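Asks: See run.json below, with JSON, C-alpha atoms.
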[["chain", "number", "residue", "atom", "x", "y", "z"],
["A", 3, "MET", "CA", 183.84, 46.14, 243.33],
["A", 4, "ILE", "CA", 187.62, 46.01, 243.34],
["A", 5, "ALA", "CA", 189.37, 48.64, 241.25],
["A", 6, "PRO", "CA", 191.80, 47.30, 238.65],
["A", 7, "LEU", "CA", 195.51, 47.63, 239.33],
["A", 8, "PRO", "CA", 197.30, 50.62, 237.84],
["A", 9, "LEU", "CA", 198.76, 49.84, 234.43],
["A", 10, "HIS", "CA", 202.37, 49.76, 235.62],
["A", 11, "GLU", "CA", 201.42, 47.20, 238.27],
["A", 12, "GLN", "CA", 199.56, 45.10, 235.68],
["A", 13, "MET", "CA", 202.67, 45.16, 233.49],
["A", 14, "ALA", "CA", 204.89, 44.18, 236.43],
["A", 15, "ALA", "CA", 202.56, 41.28, 237.27],
["A", 16, "ARG", "CA", 202.73, 40.05, 233.67],
["A", 17, "LEU", "CA", 206.53, 40.22, 233.63],
["A", 18, "ARG", "CA", 206.73, 38.35, 236.95],
["A", 19, "GLU", "CA", 204.39, 35.68, 235.59],
["A", 20, "ARG", "CA", 206.21, 35.22, 232.28],
["A", 21, "LEU", "CA", 209.86, 35.86, 233.15],
["A", 22, "ALA", "CA", 210.22, 35.34, 236.93],
["A", 23, "PRO", "CA", 212.64, 38.27, 237.32],
["A", 24, "THR", "CA", 215.04, 38.62, 240.22],
["A", 25, "ARG", "CA", 214.84, 42.42, 239.90],
["A", 26, "LEU", "CA", 211.98, 44.40, 238.42],
["A", 27, "GLU", "CA", 210.84, 48.02, 238.27],
["A", 28, "VAL", "CA", 208.10, 49.29, 235.98],
["A", 29, "ILE", "CA", 207.95, 53.07, 235.96],
["A", 30, "ASP", "CA", 205.27, 55.16, 234.26],
["A", 31, "GLU", "CA", 207.16, 58.00, 232.57],
["A", 32, "SER", "CA", 204.19, 59.24, 230.54],
["A", 33, "ALA", "CA", 204.16, 62.69, 232.17],
["A", 34, "LEU", "CA", 207.69, 63.25, 230.79],
["A", 35, "HIS", "CA", 206.38, 62.70, 227.26],
["A", 36, "ALA", "CA", 203.47, 65.17, 227.23],
["A", 37, "GLY", "CA", 202.98, 66.46, 223.71],
["A", 38, "HIS", "CA", 205.07, 63.68, 222.17],
["A", 39, "ALA", "CA", 203.83, 61.03, 219.76],
["A", 40, "GLY", "CA", 201.65, 58.49, 221.52],
["A", 41, "ALA", "CA", 200.89, 60.68, 224.53],
["A", 42, "ASN", "CA", 197.22, 60.57, 225.48],
["A", 43, "GLY", "CA", 196.95, 63.90, 227.30],
["A", 44, "THR", "CA", 196.47, 62.35, 230.75],
["A", 45, "GLY", "CA", 200.14, 62.07, 231.68],
["A", 46, "ALA", "CA", 199.76, 58.35, 232.39],
["A", 47, "GLY", "CA", 199.59, 54.99, 230.68],
["A", 48, "THR", "CA", 201.56, 55.50, 227.47],
["A", 49, "HIS", "CA", 205.32, 55.57, 228.13],
["A", 50, "PHE", "CA", 207.10, 53.21, 230.53],
["A", 51, "ARG", "CA", 210.58, 52.21, 231.65],
["A", 52, "VAL", "CA", 211.23, 48.59, 232.65],
["A", 53, "ARG", "CA", 214.33, 47.72, 234.65],
["A", 54, "ILE", "CA", 214.65, 43.97, 234.78],
["A", 55, "ALA", "CA", 217.05, 41.13, 235.53],
["A", 56, "CYS", "CA", 216.11, 37.48, 235.26],
["A", 57, "PRO", "CA", 217.62, 34.03, 234.67],
["A", 58, "ALA", "CA", 215.73, 33.76, 231.36],
["A", 59, "PHE", "CA", 218.19, 36.31, 229.96],
["A", 60, "ASP", "CA", 221.26, 34.14, 230.64],
["A", 61, "GLY", "CA", 223.20, 33.55, 227.43],
["A", 62, "LEU", "CA", 221.00, 35.88, 225.37],
["A", 63, "GLY", "CA", 222.10, 39.00, 223.56],
["A", 64, "ARG", "CA", 220.57, 42.41, 224.20],
["A", 65, "LEU", "CA", 218.06, 42.20, 221.35],
["A", 66, "ALA", "CA", 216.80, 38.77, 222.41],
["A", 67, "ARG", "CA", 216.38, 39.99, 226.01],
["A", 68, "HIS", "CA", 214.36, 42.99, 224.85],
["A", 69, "ARG", "CA", 212.22, 40.76, 222.64],
["A", 70, "LEU", "CA", 211.30, 38.61, 225.64],
["A", 71, "VAL", "CA", 210.09, 41.72, 227.48],
["A", 72, "TYR", "CA", 208.19, 43.10, 224.49],
["A", 73, "ASP", "CA", 206.61, 39.70, 223.76],
["A", 74, "ALA", "CA", 205.41, 39.44, 227.37],
["A", 75, "LEU", "CA", 203.84, 42.92, 227.12],
["A", 76, "HIS", "CA", 202.42, 42.55, 223.60],
["A", 77, "ASP", "CA", 198.77, 43.00, 224.53],
["A", 78, "PHE", "CA", 199.55, 46.16, 226.51],
["A", 79, "PHE", "CA", 200.81, 47.78, 223.30],
["A", 80, "ALA", "CA", 197.58, 46.76, 221.57],
["A", 81, "ALA", "CA", 195.67, 48.44, 224.42],
["A", 82, "GLY", "CA", 197.40, 51.82, 224.10],
["A", 83, "VAL", "CA", 200.92, 51.66, 225.54],
["A", 84, "HIS", "CA", 203.07, 53.60, 223.10],
["A", 85, "ALA", "CA", 206.63, 52.97, 224.29],
["A", 86, "VAL", "CA", 208.60, 50.84, 226.73],
["A", 87, "ALA", "CA", 212.26, 51.57, 227.39],
["A", 88, "VAL", "CA", 213.97, 48.40, 228.60],
["A", 89, "GLU", "CA", 217.01, 48.40, 230.86],
["A", 90, "VAL", "CA", 218.36, 44.90, 231.35],
["A", 91, "ALA", "CA", 220.56, 44.31, 234.37]]
For this file, write the structure as structure tokens.

Replies:
Amino acid sequence: MIAPLPLHEQMAARLRERLAPTRLEVIDESALHAGHAGANGTGAGTHFRVRIACPAFDGLGRLARHRLVYDALHDFFAAGVHAVAVEVA
């Protein structure tokens, strides 16, 4: 049986599929948020940083760019991701 990809890799795959970015980093920063709201006690899988650049952002304002990222990751939030900080390049 093949083990599932780590959550940050699953999120990166989704963003590649939906937005075809030219630059992408998905970083699990959950350990930095231990004891904060939404932390699950494992130090993983709840708080992420996404650094992304893609042609789909051309002509869009900051809020619209962030919405595209959040919309692409919607089901990850439903599955337990608490926060995603988005840095758009």

Asks: Using only C-alpha atoms, which residue out of A:Ala81, A:Ala87, A:Ile54, A:Ala66 lies closest to Thr24 in chain A?

Replies: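 Closest residue, counting only C-alpha atoms: A:Ile54.
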
Asks: Can you list, as a JSON list (two decimals) with C-alpha atoms, keeping the file's coordinate frame, every protein, DNA or RNA residue that comes within 12 Å of range 62-64 of chain A when you count only C-alpha atoms, leaving out same-chain residues fewer than 6 positions away?

Replies:
[["chain", "number", "residue", "atom", "x", "y", "z"],
["A", 55, "ALA", "CA", 217.05, 41.13, 235.53],
["A", 56, "CYS", "CA", 216.11, 37.48, 235.26],
["A", 70, "LEU", "CA", 211.30, 38.61, 225.64],
["A", 71, "VAL", "CA", 210.09, 41.72, 227.48],
["A", 88, "VAL", "CA", 213.97, 48.40, 228.60],
["A", 89, "GLU", "CA", 217.01, 48.40, 230.86],
["A", 90, "VAL", "CA", 218.36, 44.90, 231.35],
["A", 91, "ALA", "CA", 220.56, 44.31, 234.37]]

Asks: So, with all atoms listed in the file as the atoms that count, which of A:Leu65, A:Leu34, A:Asp77, A:Ala85 lies closest to Val52 in chain A?

Replies: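 When distances to Val52 in chain A are compared using all atoms listed in the file, the smallest one comes from A:Ala85.
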
Asks: Have a look at A:His49, A:Arg67, A:Pro57, A:Pro8 and name the one nearest to Gly82 in chain A; count all atoms listed in the file.

Replies: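 Counting all atoms listed in the file, the residue closest to Gly82 in chain A is A:His49.
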
Asks: Can you list, as number ranges by chain, every protein, DNA or RNA residue that comes within 12 Å of Glu11 in chain A when you count all atoms listed in the file, leaving out same-chain residues fewer than 5 positions away?

Replies: A: 6, 16-18, 26-30, 47, 50, 52, 78

Asks: Kindly indicate which residue among A:Glu31, A:His10, A:Gly61, A:Thr48 lies nearest to Ala80 in chain A, using only C-alpha atoms for the distances.

Replies: A:Thr48

Asks: CA of Met13 in chain A to CA of Asp60 in chain A: how many Å, to one decimal?

Replies: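 Atom-to-atom, CA of Met13 in chain A and CA of Asp60 in chain A are spaced 21.8 Å apart.
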
Asks: With all atoms listed in the file as the basis for distance, which of A:Phe79, A:Arg69, A:Val86, A:Ala33 is at the shortest distance from Leu21 in chain A?

Replies: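 Using all atoms listed in the file, the shortest distance to Leu21 in chain A belongs to A:Arg69.
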
Asks: Quick one, how far is CA of Ala58 in chain A from CA of His84 in chain A?

Replies: 24.9 Å

Asks: Would you save chain A from the block above with C-alpha atoms, as a PDB file, in the first residue's frame?

Replies:
ATOM      1  CA  MET A   3       0.000   0.000   0.000  1.00  0.00           C
ATOM      2  CA  ILE A   4       1.292   3.444  -0.897  1.00  0.00           C
ATOM      3  CA  ALA A   5       1.265   5.989   1.910  1.00  0.00           C
ATOM      4  CA  PRO A   6      -0.611   9.214   1.168  1.00  0.00           C
ATOM      5  CA  LEU A   7       1.407  12.336   0.462  1.00  0.00           C
ATOM      6  CA  PRO A   8       2.052  14.696   3.365  1.00  0.00           C
ATOM      7  CA  LEU A   9      -0.612  17.375   3.615  1.00  0.00           C
ATOM      8  CA  HIS A  10       1.625  20.196   2.376  1.00  0.00           C
ATOM      9  CA  GLU A  11       2.424  18.147  -0.737  1.00  0.00           C
ATOM     10  CA  GLN A  12      -1.274  17.422  -1.305  1.00  0.00           C
ATOM     11  CA  MET A  13      -1.984  21.152  -1.070  1.00  0.00           C
ATOM     12  CA  ALA A  14       0.847  21.944  -3.493  1.00  0.00           C
ATOM     13  CA  ALA A  15      -0.492  19.372  -5.959  1.00  0.00           C
ATOM     14  CA  ARG A  16      -3.952  20.934  -5.778  1.00  0.00           C
ATOM     15  CA  LEU A  17      -2.578  24.426  -6.383  1.00  0.00           C
ATOM     16  CA  ARG A  18      -0.512  23.188  -9.346  1.00  0.00           C
ATOM     17  CA  GLU A  19      -3.603  21.500 -10.789  1.00  0.00           C
ATOM     18  CA  ARG A  20      -5.922  24.489 -10.344  1.00  0.00           C
ATOM     19  CA  LEU A  21      -3.632  27.492 -10.831  1.00  0.00           C
ATOM     20  CA  ALA A  22      -0.567  26.271 -12.775  1.00  0.00           C
ATOM     21  CA  PRO A  23       1.842  28.432 -10.755  1.00  0.00           C
ATOM     22  CA  THR A  24       5.261  29.465 -12.000  1.00  0.00           C
ATOM     23  CA  ARG A  25       6.525  29.564  -8.393  1.00  0.00           C
ATOM     24  CA  LEU A  26       5.111  27.619  -5.469  1.00  0.00           C
ATOM     25  CA  GLU A  27       6.103  26.781  -1.906  1.00  0.00           C
ATOM     26  CA  VAL A  28       3.753  25.263   0.652  1.00  0.00           C
ATOM     27  CA  ILE A  29       5.276  25.274   4.118  1.00  0.00           C
ATOM     28  CA  ASP A  30       3.779  23.597   7.184  1.00  0.00           C
ATOM     29  CA  GLU A  31       4.238  26.120  10.005  1.00  0.00           C
ATOM     30  CA  SER A  32       2.011  24.277  12.475  1.00  0.00           C
ATOM     31  CA  ALA A  33       4.807  23.727  15.008  1.00  0.00           C
ATOM     32  CA  LEU A  34       5.140  27.525  15.310  1.00  0.00           C
ATOM     33  CA  HIS A  35       1.496  27.742  16.386  1.00  0.00           C
ATOM     34  CA  ALA A  36       1.485  25.189  19.228  1.00  0.00           C
ATOM     35  CA  GLY A  37      -1.089  26.221  21.802  1.00  0.00           C
ATOM     36  CA  HIS A  38      -2.807  28.647  19.429  1.00  0.00           C
ATOM     37  CA  ALA A  39      -6.372  28.388  18.169  1.00  0.00           C
ATOM     38  CA  GLY A  40      -6.742  25.587  15.658  1.00  0.00           C
ATOM     39  CA  ALA A  41      -3.574  23.757  16.682  1.00  0.00           C
ATOM     40  CA  ASN A  42      -4.128  20.020  16.972  1.00  0.00           C
ATOM     41  CA  GLY A  43      -1.296  19.164  19.374  1.00  0.00           C
ATOM     42  CA  THR A  44       0.760  17.265  16.784  1.00  0.00           C
ATOM     43  CA  GLY A  45       2.725  20.229  15.443  1.00  0.00           C
ATOM     44  CA  ALA A  46       1.614  19.451  11.889  1.00  0.00           C
ATOM     45  CA  GLY A  47      -1.282  19.851   9.510  1.00  0.00           C
ATOM     46  CA  THR A  48      -3.053  22.974  10.761  1.00  0.00           C
ATOM     47  CA  HIS A  49      -1.149  26.148   9.815  1.00  0.00           C
ATOM     48  CA  PHE A  50       0.492  26.704   6.423  1.00  0.00           C
ATOM     49  CA  ARG A  51       2.239  29.388   4.401  1.00  0.00           C
ATOM     50  CA  VAL A  52       1.782  29.439   0.620  1.00  0.00           C
ATOM     51  CA  ARG A  53       4.188  31.428  -1.538  1.00  0.00           C
ATOM     52  CA  ILE A  54       2.832  31.520  -5.053  1.00  0.00           C
ATOM     53  CA  ALA A  55       3.106  33.300  -8.391  1.00  0.00           C
ATOM     54  CA  CYS A  56       1.017  32.414 -11.413  1.00  0.00           C
ATOM     55  CA  PRO A  57      -0.393  33.896 -14.630  1.00  0.00           C
ATOM     56  CA  ALA A  58      -3.940  33.496 -13.265  1.00  0.00           C
ATOM     57  CA  PHE A  59      -3.166  36.409 -10.936  1.00  0.00           C
ATOM     58  CA  ASP A  60      -2.429  38.856 -13.767  1.00  0.00           C
ATOM     59  CA  GLY A  61      -4.673  41.904 -13.516  1.00  0.00           C
ATOM     60  CA  LEU A  62      -6.193  40.828 -10.194  1.00  0.00           C
ATOM     61  CA  GLY A  63      -6.004  42.681  -6.912  1.00  0.00           C
ATOM     62  CA  ARG A  64      -4.580  41.164  -3.755  1.00  0.00           C
ATOM     63  CA  LEU A  65      -7.935  40.015  -2.374  1.00  0.00           C
ATOM     64  CA  ALA A  66      -8.934  38.294  -5.629  1.00  0.00           C
ATOM     65  CA  ARG A  67      -5.567  36.504  -5.767  1.00  0.00           C
ATOM     66  CA  HIS A  68      -5.980  35.250  -2.205  1.00  0.00           C
ATOM     67  CA  ARG A  69      -9.524  34.101  -2.979  1.00  0.00           C
ATOM     68  CA  LEU A  70      -8.245  31.956  -5.848  1.00  0.00           C
ATOM     69  CA  VAL A  71      -5.825  30.230  -3.472  1.00  0.00           C
ATOM     70  CA  TYR A  72      -8.419  29.764  -0.725  1.00  0.00           C
ATOM     71  CA  ASP A  73     -11.010  28.483  -3.213  1.00  0.00           C
ATOM     72  CA  ALA A  74      -8.531  25.911  -4.543  1.00  0.00           C
ATOM     73  CA  LEU A  75      -7.836  24.716  -0.978  1.00  0.00           C
ATOM     74  CA  HIS A  76     -11.433  24.831   0.282  1.00  0.00           C
ATOM     75  CA  ASP A  77     -11.756  21.136   1.085  1.00  0.00           C
ATOM     76  CA  PHE A  78      -8.491  21.172   3.055  1.00  0.00           C
ATOM     77  CA  PHE A  79     -10.057  23.685   5.456  1.00  0.00           C
ATOM     78  CA  ALA A  80     -13.070  21.401   5.832  1.00  0.00           C
ATOM     79  CA  ALA A  81     -10.651  18.562   6.679  1.00  0.00           C
ATOM     80  CA  GLY A  82      -8.891  20.403   9.517  1.00  0.00           C
ATOM     81  CA  VAL A  83      -6.508  23.022   8.122  1.00  0.00           C
ATOM     82  CA  HIS A  84      -6.980  26.053  10.352  1.00  0.00           C
ATOM     83  CA  ALA A  85      -4.987  28.795   8.616  1.00  0.00           C
ATOM     84  CA  VAL A  86      -3.151  29.526   5.377  1.00  0.00           C
ATOM     85  CA  ALA A  87      -0.995  32.634   5.058  1.00  0.00           C
ATOM     86  CA  VAL A  88      -0.712  33.579   1.392  1.00  0.00           C
ATOM     87  CA  GLU A  89       2.250  35.434  -0.064  1.00  0.00           C
ATOM     88  CA  VAL A  90       1.669  36.339  -3.691  1.00  0.00           C
ATOM     89  CA  ALA A  91       4.720  37.098  -5.798  1.00  0.00           C
TER      90      ALA A  91
END
